[in-house]
Every structure is written in structure tokens, then in C-alpha cells.
Amino acid sequence: MPELPQAVRGFGVTFLTMFKKVVTEQYPEQKVPPKPRFHGRHQLNRWADGLEKCVGCELCAWACPADAIFVEGADNSDQERFSPGERYGRVYQINYLRCIFCGLCIEACPTRALTMTNEYELADDSRAKLIYEKKDLLAPLLPGMVAPPHEMVPGTTERDYYANTVKGASPEQVTTSPAEAEEVAS
Amino acid sequence: MGLEEALPSGVLLTTVEKFAGYARKGSLWPATFGLACCAIEMMAAGGPRFDIARYGMEVFRASPRQADLMIVAGRVSQKMAPVLRQIYDQMPNPKWVIAMGVCASSGGMFNNYAIVQGVDHVVPVDIYLPGCPPRPEMLFDAILKLHDKIQDTKLGANRRAEIVELEQVALTAPTTLEMKGLMR
């Protein structure tokens, strides 16, 4: 049997490709989620009762190779408590135009306050909008959490928080939180 | 009321501005400006898995005179900056710039004398895209945000008035050095 000319055999490959599965991802309509360990936007986590995990130690800022993180710690007081223990991060900024998503800040964090989400749609049209403040980075309040500032769960110390024995907000915290008190009043 | 009701169904009316915006955003032709690792992701965006042709952008033009979008992909060294500016100047109006990746946007981790600390020192940037390098989806996200911006672009006298207004805003805005308080 005579062989087909090379040029015609080439068209055979083209023809067979029509029956192959399409690999194209239809991005804006169907978003293929990245792998679970994808390094996306950061998130500042909370304890189970809503207090912030960040203690303002600045280890993430020290670890950052691009100097993208700016942290300013402040002391917790009995009137205004944002995190269990002594200190909390008053100012927390990540400049996403410097951040290279390497994850060294996550490794440095002693309380697992800083983790990364899978969110990657960050593009914006000015430099200032891409400096994310603490309010942009904080994890959302889940059911059972109370917005800080409020007291620790009565009868616990920060050690109980770090040992992860605090499993949710107590009724006393719900009533002492100023944000909740405003809601009740209104 | 008006012309809309007199027309038979199936006929759409629009303004010239909106139509021009639709036509412009539907056929952006990027200039190839791959400088570093981000260019690999930009090339991946042109490949079959991500397929930039879905936005009518698959023709990466090697000649700036045929392009209207510059995707600056990668760190811009001081030596490359005049070249970049020349390519931008050679592009015909209207033109847009995407700073792809942290190095093009702000210098990124290369905070040193060899790298331009943000390509907006050289050319006006429309969209900043973080990531090191950004994955092709992130580039598409930036492109779609740019599409929205192009769709809203004004035309003619309105555009000229808008340019004057934007310039006034930019001239009165405080510089980064003057920004006090929490913003650093």
C-alpha cells in the first residue's frame, strides 16, 4: 500500500484534534479553583470567640524579603482588648505591590494569625488601593464570634487561647462588646 | 418615548461613546514587552489552556505601531527604561498600560539602584497587577478590569475635559512623601 504524502498526513493530525477534549479554561465564567496550598491574599485570623490572633510581634515584617509588611503593635487595656494577652497589632498593612507571595511571613507567625487564602483577583488601578489595611485583611466574623474589642472568656488566660481550649464566645462577652451593645440599644 | 419605541424589536440603540468603548475593548492588541519571568506567564496566557484569544487579544504585536496595550511583564532595569518609554511613545493613541507583576508595579523585592521602582515613573499605568509572577488568571482579571475602564472612556470634547480634570486632581494630590499617618 502506498504511503500517504506527508502533507496530507499532517492534516490527519489536525482532523483528529477535533475529537480531543478541550483544555481551555473559560476563566471569568468558570473559575477553576487553585490548589489548596496556593499562595493568595493574606488573612488575619481570629480565635473562636472573635478576638484577633495577631499579637503585633512584627516577626512577619522581619521575615518579609520584600519589606511589604508594616506592623505597629499596641498594648491591650482592660477597656479595649483586641487579642488575648498583652499586645495586639494596631496597624497592619501589606503592600501588595511589593509582596511576592513567598509565604515566609506565614512561616514566621508564632500564633498562626497570618495565613494565606486562595483569593488571587487583586489587580487595581492605583498604588494606594493595593496597600491593604487591617480591615481588608481580617477574617470575617463567623457565627458565634463577637467583634472585638471585648474581654477574654471569663476564667481564662491567654494560655488557654494558645492551647486552643476556648471554643467560642461566652454570653458575658456578647453583652460586654460595645458593638453588640449598640445593636441592642438601636 | 422617542426613537426607541418607533424602532422594531431586536434593534439596539447605544451611544457612539459606548460603541467605541465596546469596539476598543473587544480588540486590544498587546505589544510584546516581556522582560522577565512574568513574560512566561504572559506566554502561558496565550497558550491553549488559558487562551487569550477569547478576549480578541491573541495577536501579540512585535511592532508598537500596531499595538494599543503594553503589558510590562517583568522588572524594568534603569537601562531598559528609555527603551520602554520609546516603545510607549511609538504606540498610537488610544493606548493603555498594564504593569504586570510586583517588579513592574513598584520594584517588588528588587529595592535597589538597578531596577526602576515602578514602571509608573516612566509611563502612565492603568492597571497594577500584583503577584510574583501573577498566574494567567490574574492577568485576565487585570485585563477584564481594564476592559471595564475602556468601556467607560469618554470621547472627543468630553475626553479632553476629562483629561484636564484628571490632571488637576493629580497635580493637587499629595505626594507619597507627604502622606502622614497610617499610610506608609
# chains A, B, ... in the order shown; residues from 1 in each chain; ligands from 1
$ closest_atom_pairs --of "chain A" --to "chain B" --cutoff "10 Å" --atoms "only C-alpha atoms" --output "JSON lines"
{"residue": "A:Val22", "atom": "CA", "partner": "B:Arg49", "partner_atom": "CA", "distance": 8.5}
{"residue": "A:Val23", "atom": "CA", "partner": "B:Arg49", "partner_atom": "CA", "distance": 5.3}
{"residue": "A:Thr24", "atom": "CA", "partner": "B:Arg49", "partner_atom": "CA", "distance": 4.2}
{"residue": "A:Glu25", "atom": "CA", "partner": "B:Phe50", "partner_atom": "CA", "distance": 5.7}
{"residue": "A:Gln26", "atom": "CA", "partner": "B:Phe50", "partner_atom": "CA", "distance": 7.6}
{"residue": "A:Tyr27", "atom": "CA", "partner": "B:Glu137", "partner_atom": "CA", "distance": 6.7}
{"residue": "A:Pro28", "atom": "CA", "partner": "B:Asp141", "partner_atom": "CA", "distance": 7.9}
{"residue": "A:Lys31", "atom": "CA", "partner": "B:Glu137", "partner_atom": "CA", "distance": 8.6}
{"residue": "A:Val32", "atom": "CA", "partner": "B:Glu137", "partner_atom": "CA", "distance": 9.3}
{"residue": "A:His39", "atom": "CA", "partner": "B:Gly131", "partner_atom": "CA", "distance": 9.6}
{"residue": "A:Gly40", "atom": "CA", "partner": "B:Gly131", "partner_atom": "CA", "distance": 8.7}
{"residue": "A:Arg41", "atom": "CA", "partner": "B:Gly131", "partner_atom": "CA", "distance": 9.7}
{"residue": "A:Cys64", "atom": "CA", "partner": "B:Met109", "partner_atom": "CA", "distance": 9.3}
{"residue": "A:Pro65", "atom": "CA", "partner": "B:Met109", "partner_atom": "CA", "distance": 6.6}
{"residue": "A:Ala66", "atom": "CA", "partner": "B:Met109", "partner_atom": "CA", "distance": 4.1}
{"residue": "A:Asp67", "atom": "CA", "partner": "B:Met109", "partner_atom": "CA", "distance": 7.5}
{"residue": "A:Ala68", "atom": "CA", "partner": "B:Met109", "partner_atom": "CA", "distance": 8.5}
{"residue": "A:Phe70", "atom": "CA", "partner": "B:Arg184", "partner_atom": "CA", "distance": 8.1}
{"residue": "A:Glu72", "atom": "CA", "partner": "B:Leu182", "partner_atom": "CA", "distance": 9.5}
{"residue": "A:Val91", "atom": "CA", "partner": "B:Leu182", "partner_atom": "CA", "distance": 7.3}
{"residue": "A:Tyr92", "atom": "CA", "partner": "B:Leu182", "partner_atom": "CA", "distance": 9.2}
{"residue": "A:Gln93", "atom": "CA", "partner": "B:Met183", "partner_atom": "CA", "distance": 8.3}
{"residue": "A:Asn95", "atom": "CA", "partner": "B:Arg184", "partner_atom": "CA", "distance": 9.2}
{"residue": "A:Tyr96", "atom": "CA", "partner": "B:Pro130", "partner_atom": "CA", "distance": 5.9}
{"residue": "A:Leu97", "atom": "CA", "partner": "B:Val102", "partner_atom": "CA", "distance": 4.9}
{"residue": "A:Arg98", "atom": "CA", "partner": "B:Gly108", "partner_atom": "CA", "distance": 4.2}
{"residue": "A:Cys99", "atom": "CA", "partner": "B:Gly108", "partner_atom": "CA", "distance": 6.8}
{"residue": "A:Ile100", "atom": "CA", "partner": "B:Cys132", "partner_atom": "CA", "distance": 4.9}
{"residue": "A:Phe101", "atom": "CA", "partner": "B:Cys132", "partner_atom": "CA", "distance": 6.7}
{"residue": "A:Cys102", "atom": "CA", "partner": "B:Cys132", "partner_atom": "CA", "distance": 8.5}
{"residue": "A:Glu119", "atom": "CA", "partner": "B:Met138", "partner_atom": "CA", "distance": 9.9}
{"residue": "A:Tyr120", "atom": "CA", "partner": "B:Met138", "partner_atom": "CA", "distance": 6.4}
{"residue": "A:Glu121", "atom": "CA", "partner": "B:Met138", "partner_atom": "CA", "distance": 5.8}
{"residue": "A:Leu122", "atom": "CA", "partner": "B:Pro130", "partner_atom": "CA", "distance": 6.6}
{"residue": "A:Ala123", "atom": "CA", "partner": "B:Leu129", "partner_atom": "CA", "distance": 4.4}
{"residue": "A:Asp124", "atom": "CA", "partner": "B:Tyr128", "partner_atom": "CA", "distance": 5.5}
{"residue": "A:Asp125", "atom": "CA", "partner": "B:Ile127", "partner_atom": "CA", "distance": 4.4}
{"residue": "A:Ser126", "atom": "CA", "partner": "B:Tyr128", "partner_atom": "CA", "distance": 6.7}
{"residue": "A:Arg127", "atom": "CA", "partner": "B:Tyr128", "partner_atom": "CA", "distance": 7.4}
{"residue": "A:Ala128", "atom": "CA", "partner": "B:Met183", "partner_atom": "CA", "distance": 8.4}
{"residue": "A:Lys129", "atom": "CA", "partner": "B:Tyr128", "partner_atom": "CA", "distance": 9.8}
{"residue": "A:Leu130", "atom": "CA", "partner": "B:Pro130", "partner_atom": "CA", "distance": 8.4}
{"residue": "A:Ile131", "atom": "CA", "partner": "B:Met183", "partner_atom": "CA", "distance": 8.2}
{"residue": "A:Tyr132", "atom": "CA", "partner": "B:Met183", "partner_atom": "CA", "distance": 9.9}
{"residue": "A:Glu133", "atom": "CA", "partner": "B:Met183", "partner_atom": "CA", "distance": 8.8}
$ residues_around --residues "Ile71 (chain B)" --least-positions-apart "3" --cutoff "9 Å" --atoms "only C-alpha atoms" --output "MDAnalysis selection string"
chainID B and resid 30:34 42 96:100
$ select_by_dssp --residues "region 24-54 of chain A" --states "strand (DSSP E or B)" --output "list in words"
His42, Gln43, Leu44, Arg46 and Glu52 of chain A
$ write_last_selection --atoms "C-alpha atoms" --output "mmCIF file, in the first residue's frame"
data_model
loop_
_atom_site.group_PDB
_atom_site.id
_atom_site.type_symbol
_atom_site.label_atom_id
_atom_site.label_comp_id
_atom_site.auth_asym_id
_atom_site.auth_seq_id
_atom_site.Cartn_x
_atom_site.Cartn_y
_atom_site.Cartn_z
ATOM 1 C CA HIS A 42 -3.300 37.080 53.253
ATOM 2 C CA GLN A 43 -5.814 36.750 56.027
ATOM 3 C CA LEU A 44 -5.556 37.747 59.682
ATOM 4 C CA ARG A 46 -9.382 35.180 64.792
ATOM 5 C CA GLU A 52 -7.668 38.621 66.941
#
$ residues_around --residues "Gly73 (chain A)" --least-positions-apart "2" --cutoff "6 Å" --atoms "only C-alpha atoms" --output "VMD selection string"
chain A and resid 56 88 to 90
$ atom_distance --atom1 "CA of Ala36 (chain B)" --atom2 "CA of Val72 (chain B)"
9.6 Å
$ closest_residue --among "B:Gln86, B:Gln117, B:Gln168, B:Ser27" --to "Ala67 (chain B)" --atoms "only C-alpha atoms"
B:Ser27
$ closest_residue --among "B:Gln78, B:Gly46, B:Gln90, B:Asn112" --to "Gln66 (chain B)" --atoms "only C-alpha atoms"
B:Gln90
$ select_by_dssp --residues "region 6-132 of chain A" --states "alpha helix (DSSP H)" --output "list in words"
Gln6, Ala7, Val8, Arg9, Gly10, Phe11, Gly12, Val13, Thr14, Phe15, Leu16, Thr17, Leu59, Cys60, Ala61, Trp62, Ala63, Leu104, Cys105, Ile106, Glu107 and Ala108 of chain A
$ residues_around --residues "Gly50 (chain A)" --least-positions-apart "4" --cutoff "7 Å" --atoms "only C-alpha atoms" --output "list in words"
Arg46, Leu141, Met145, Val146, Ala147 and Pro148 of chain A
$ atom_distance --atom1 "CA of Glu158 (chain A)" --atom2 "CA of Pro110 (chain A)"
13.8 Å
$ atom_distance --atom1 "CA of Val122 (chain B)" --atom2 "CA of Tyr88 (chain B)"
9.5 Å
